[in-house]
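Engineer: Could you have a look at this structure, given as C-alpha cells, before my questions?
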Amino acid sequence: QVQLVQSGAEVKKPGASVKVSCKASGFTFSGYYMHWVRQAPGQGLEWLGWINPNSGDTKYAQKFQGRVTMTRDTSISTAYMELSRLTSDDTAVYYCARDGTGGSCLDYWGQGTLVTVSS
Amino acid sequence: DIQMTQSPSSLSASVGDRVTITCRASQSISNFLNWYQQKPGKAPKLLIYAASSLQSGVPSRFSGSGSGTDFTLTISSLQPEDFAIYYCQQSYSIPSTFGQGTKLEIK
C-alpha cells in the first residue's frame with residue numbers, strides 16, 4: 001500500500017534552516033511528482049512547490065523562492081524539503097503529498113512534520 | 001495567483017442532511033478543482049478530483065460538480081464521520097491554491 005512517512009518534529013531558532021524528509025513506499029517513487037504543503041496552527045493549507053523525482057526538476061511558489069529547496073534521493077525513495085532563514089511565521093505542520101493521476105490532485109499524504117520556530 | 005473562495009466558512013448540520021459547499025475561483029480553472037476532507041490532527045484526504053471524479057474508496061454520498069469558476073461539493077446524507085473541515089484546491093496554475101476551508105459541525 002502507498003505510504004509516505006515523514007521525519008519527526010523539529011524545533012528551530014529564527015534564522016536557522018530545517019530539512020524534512022518524506023520516505024515513500026508501495027509505489028514507483030520516480031513515477032509521481034511530490035508536492036509539499038504546509039499548515040500553520042489553526043490555519044488553512046499553503047502550497048510550497050513540487051519536485052519531479054525522476055528528473056529532479058522543481059517548481060516553487062514565488063513566495064518561497066530563494067528560501068525553499070526540494071531534493072530527492074531515488075536510491076532510498078525519499079524526498080526532502082529544506083526551508084532556510086526561518087521566522088516564527090514558518091511555524092507549521094509540513095506535509096509531503098503525492099501527485100495523483102487526476103490533474104495534479106494530491107492523492108496520498110504524509111503524516112505531517114511539525115516545525116516550530118522559537119527563540 | 002488564483003484566489004479560491006469557499007462558502008460558507010462554517011456550517012451546522014444534522015446526520016442525514018444534504019449539504020452543499022461552494023468554491024469560487026477568481027478566474028477560470030476549467031475542471032482543475034479538487035476537494036479534500038481534514039479531521040483534527042490528521043492530514044487532508046482527497047475526496048474529489050478534476051471537479052467531479054470520486055477518488056477510489058470514497059463513499060458515493062460525496063459528489064462534485066462545476067467548471068470554469070464555480071464548483072460545489074455535495075454530501076447527500078451526512079454521516080457522523082463526515083464532520084470535518086473541507087478544502088477546495090485549484091491545480092490549474094502555479095502556485096496551486098486552496099480555499100480557506102469550510103468547517104462542518106454537528107447541529
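Identifiers in the C-alpha cells: chain A, B, ... in order shown; residue index from 1 per chain; ligand index from 1 in order shown.
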Quick one: everything within 10 Å of A:Gln43, counting only C-alpha atoms, minus sequence neighbours fewer than 5 positions away in the same chain. Send it as number ranges by chain.

Structural biologist: A: 38, 92; B: 100-101

Engineer: Mind dumping the selected residues with all heavy atoms as a short mmCIF file (atom, residue, chain, number, x, y, z; two decimals), in the first residue's frame?

Structural biologist:
data_model
loop_
_atom_site.label_atom_id
_atom_site.label_comp_id
_atom_site.auth_asym_id
_atom_site.auth_seq_id
_atom_site.Cartn_x
_atom_site.Cartn_y
_atom_site.Cartn_z
N ARG A 38 2.01 23.22 3.53
CA ARG A 38 2.13 23.46 4.97
C ARG A 38 0.83 24.02 5.53
O ARG A 38 -0.02 24.54 4.80
CB ARG A 38 3.30 24.39 5.27
CG ARG A 38 3.06 25.85 4.97
CD ARG A 38 4.30 26.67 5.36
NE ARG A 38 4.06 28.11 5.22
CZ ARG A 38 4.98 29.03 5.49
NH1 ARG A 38 6.20 28.68 5.94
NH2 ARG A 38 4.69 30.32 5.33
N ALA A 92 4.63 25.62 11.52
CA ALA A 92 3.55 24.96 10.79
C ALA A 92 3.79 23.46 10.77
O ALA A 92 4.88 22.98 11.08
CB ALA A 92 3.46 25.47 9.35
N GLN B 100 -10.19 28.68 1.85
CA GLN B 100 -9.90 28.89 3.28
C GLN B 100 -10.48 27.80 4.17
O GLN B 100 -10.18 27.75 5.37
CB GLN B 100 -10.43 30.26 3.72
CG GLN B 100 -11.91 30.31 4.04
CD GLN B 100 -12.81 30.45 2.82
OE1 GLN B 100 -12.39 30.24 1.68
NE2 GLN B 100 -14.08 30.80 3.06
N GLY B 101 -11.29 26.94 3.60
CA GLY B 101 -11.87 25.84 4.37
C GLY B 101 -13.30 26.11 4.80
O GLY B 101 -13.70 27.25 5.01
#

Engineer: Compute the set of chain B residues within 12 Å of chain A, using only C-alpha atoms, and express it as a compact mmCIF listing (two decimals) with N, CA and C atoms, in the first residue's frame.

Structural biologist:
# COMPACT_ATOMS: atom_id res chain seq x y z
N ASP B 1 -1.82 35.23 -8.58
CA ASP B 1 -2.26 33.95 -8.04
C ASP B 1 -3.80 33.86 -8.12
N MET B 4 -9.12 31.30 -4.28
CA MET B 4 -10.21 30.35 -4.13
C MET B 4 -11.03 30.76 -2.91
N GLN B 6 -14.31 29.86 -0.56
CA GLN B 6 -15.31 28.88 -0.19
C GLN B 6 -16.45 29.53 0.59
N SER B 9 -18.13 29.57 5.44
CA SER B 9 -16.92 29.25 6.17
C SER B 9 -17.18 28.20 7.24
N ILE B 29 -10.68 28.02 -14.18
CA ILE B 29 -9.70 26.97 -13.94
C ILE B 29 -10.12 25.67 -14.63
N SER B 30 -11.00 25.79 -15.64
CA SER B 30 -11.52 24.60 -16.32
C SER B 30 -12.09 23.65 -15.26
N ASN B 31 -11.62 22.41 -15.24
CA ASN B 31 -12.09 21.48 -14.20
C ASN B 31 -10.96 21.07 -13.26
N PHE B 32 -9.93 21.91 -13.14
CA PHE B 32 -8.78 21.57 -12.31
C PHE B 32 -9.06 21.94 -10.85
N LEU B 33 -10.04 21.24 -10.29
CA LEU B 33 -10.51 21.55 -8.96
C LEU B 33 -10.63 20.26 -8.17
N ASN B 34 -10.03 20.26 -6.98
CA ASN B 34 -10.03 19.09 -6.12
C ASN B 34 -10.61 19.44 -4.76
N TRP B 35 -11.19 18.43 -4.10
CA TRP B 35 -11.77 18.61 -2.77
C TRP B 35 -11.12 17.65 -1.79
N TYR B 36 -10.84 18.17 -0.58
CA TYR B 36 -10.21 17.39 0.48
C TYR B 36 -11.04 17.52 1.76
N GLN B 37 -10.92 16.48 2.58
CA GLN B 37 -11.51 16.47 3.91
C GLN B 37 -10.38 16.37 4.91
N GLN B 38 -10.44 17.17 5.97
CA GLN B 38 -9.42 17.09 7.00
C GLN B 38 -10.07 17.00 8.38
N PRO B 40 -9.32 16.69 12.69
CA PRO B 40 -8.33 17.25 13.61
C PRO B 40 -7.11 16.35 13.78
N GLY B 41 -5.93 16.96 13.64
CA GLY B 41 -4.69 16.25 13.85
C GLY B 41 -4.31 15.28 12.74
N LYS B 42 -5.04 15.31 11.64
CA LYS B 42 -4.78 14.38 10.53
C LYS B 42 -4.44 15.14 9.25
N ALA B 43 -3.80 14.43 8.33
CA ALA B 43 -3.53 15.00 7.02
C ALA B 43 -4.83 15.08 6.22
N PRO B 44 -4.91 16.00 5.28
CA PRO B 44 -6.07 16.03 4.39
C PRO B 44 -6.20 14.73 3.61
N LYS B 45 -7.45 14.45 3.22
CA LYS B 45 -7.76 13.25 2.44
C LYS B 45 -8.47 13.68 1.16
N LEU B 46 -8.02 13.16 0.04
CA LEU B 46 -8.63 13.52 -1.24
C LEU B 46 -10.00 12.86 -1.37
N LEU B 47 -11.00 13.66 -1.69
CA LEU B 47 -12.36 13.15 -1.92
C LEU B 47 -12.73 13.14 -3.41
N ILE B 48 -12.53 14.27 -4.05
CA ILE B 48 -12.96 14.50 -5.42
C ILE B 48 -11.81 15.14 -6.19
N TYR B 49 -11.53 14.66 -7.39
CA TYR B 49 -10.53 15.28 -8.24
C TYR B 49 -11.14 15.62 -9.59
N ALA B 50 -10.50 16.54 -10.28
CA ALA B 50 -11.00 17.01 -11.58
C ALA B 50 -12.47 17.38 -11.51
N ALA B 51 -12.83 18.06 -10.46
CA ALA B 51 -14.16 18.65 -10.22
C ALA B 51 -15.25 17.65 -9.88
N SER B 52 -15.23 16.47 -10.52
CA SER B 52 -16.39 15.59 -10.34
C SER B 52 -16.04 14.10 -10.24
N SER B 53 -14.76 13.77 -10.25
CA SER B 53 -14.37 12.35 -10.19
C SER B 53 -14.16 11.93 -8.74
N LEU B 54 -14.83 10.86 -8.37
CA LEU B 54 -14.76 10.37 -7.00
C LEU B 54 -13.48 9.56 -6.80
N GLN B 55 -12.69 9.94 -5.81
CA GLN B 55 -11.47 9.19 -5.51
C GLN B 55 -11.83 7.78 -5.05
N SER B 56 -11.01 6.82 -5.43
CA SER B 56 -11.23 5.44 -5.05
C SER B 56 -11.37 5.30 -3.53
N GLY B 57 -12.39 4.56 -3.11
CA GLY B 57 -12.58 4.31 -1.69
C GLY B 57 -13.44 5.33 -0.97
N VAL B 58 -13.76 6.43 -1.64
CA VAL B 58 -14.58 7.48 -1.02
C VAL B 58 -16.06 7.13 -1.22
N ILE B 85 -13.32 19.50 8.33
CA ILE B 85 -13.10 20.71 7.53
C ILE B 85 -12.87 20.27 6.08
N TYR B 86 -13.48 21.00 5.16
CA TYR B 86 -13.37 20.69 3.74
C TYR B 86 -12.65 21.83 3.02
N TYR B 87 -11.72 21.45 2.16
CA TYR B 87 -10.95 22.42 1.38
C TYR B 87 -11.08 22.13 -0.11
N CYS B 88 -11.19 23.20 -0.89
CA CYS B 88 -11.03 23.04 -2.33
C CYS B 88 -9.62 23.48 -2.70
N GLN B 89 -9.14 23.02 -3.84
CA GLN B 89 -7.79 23.33 -4.32
C GLN B 89 -7.83 23.44 -5.83
N GLN B 90 -7.22 24.50 -6.36
CA GLN B 90 -7.09 24.58 -7.81
C GLN B 90 -5.69 24.10 -8.19
N SER B 91 -5.64 23.26 -9.22
CA SER B 91 -4.37 22.76 -9.74
C SER B 91 -4.21 23.17 -11.19
N TYR B 92 -4.85 24.27 -11.57
CA TYR B 92 -4.79 24.77 -12.95
C TYR B 92 -3.50 25.52 -13.21
N SER B 93 -3.06 26.31 -12.24
CA SER B 93 -1.85 27.09 -12.43
C SER B 93 -1.05 27.17 -11.14
N ILE B 94 0.23 27.48 -11.32
CA ILE B 94 1.13 27.60 -10.19
C ILE B 94 1.19 29.06 -9.74
N PRO B 95 1.08 29.35 -8.45
CA PRO B 95 1.03 28.36 -7.37
C PRO B 95 -0.36 27.75 -7.22
N SER B 96 -0.38 26.46 -6.92
CA SER B 96 -1.65 25.86 -6.57
C SER B 96 -2.16 26.56 -5.31
N THR B 97 -3.46 26.78 -5.23
CA THR B 97 -4.02 27.50 -4.09
C THR B 97 -5.24 26.77 -3.56
N PHE B 98 -5.45 26.94 -2.27
CA PHE B 98 -6.56 26.31 -1.57
C PHE B 98 -7.59 27.35 -1.12
N GLY B 99 -8.83 26.91 -1.00
CA GLY B 99 -9.80 27.74 -0.32
C GLY B 99 -9.49 27.80 1.17
N GLN B 100 -10.19 28.68 1.85
CA GLN B 100 -9.90 28.89 3.28
C GLN B 100 -10.48 27.80 4.17
N GLY B 101 -11.29 26.94 3.60
CA GLY B 101 -11.87 25.84 4.37
C GLY B 101 -13.30 26.11 4.80
N THR B 102 -14.07 25.03 4.90
CA THR B 102 -15.43 25.07 5.42
C THR B 102 -15.52 24.07 6.55
N LYS B 103 -15.82 24.55 7.74
CA LYS B 103 -15.93 23.68 8.91
C LYS B 103 -17.36 23.18 9.03

Engineer: As an MDAnalysis selection string, please: every residue in stretch 48-116 of chain A that DSSP puts in helix (DSSP H, G or I).

Structural biologist: chainID A and resid 62:64 74:76 88:90

Engineer: Nearest to A:Glu82 among A:Val11, A:Val117, A:Ala24, A:Val18, with distances taken over only C-alpha atoms: which residue is it?

Structural biologist: A:Val18

Engineer: Could you write out, as a count of residues only, all the residues of chain A that DSSP marks as strand (DSSP E)?

Structural biologist: 60

Engineer: In Å to one decimal, how far is atom CA of B:Arg24 from atom CA of A:Trp36?

Structural biologist: 23.5 Å

Engineer: Quick one, how far is atom CA of A:Leu83 from atom CA of A:Tyr32?

Structural biologist: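 Atom CA of A:Tyr32 lies at a distance of 22.1 Å from atom CA of A:Leu83.
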
Engineer: May I ask for the distance between atom CA of A:Asp90 and atom CA of B:Pro8, given in Å to one decimal place?

Structural biologist: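 Atom CA of B:Pro8 lies 27.7 Å from atom CA of A:Asp90.
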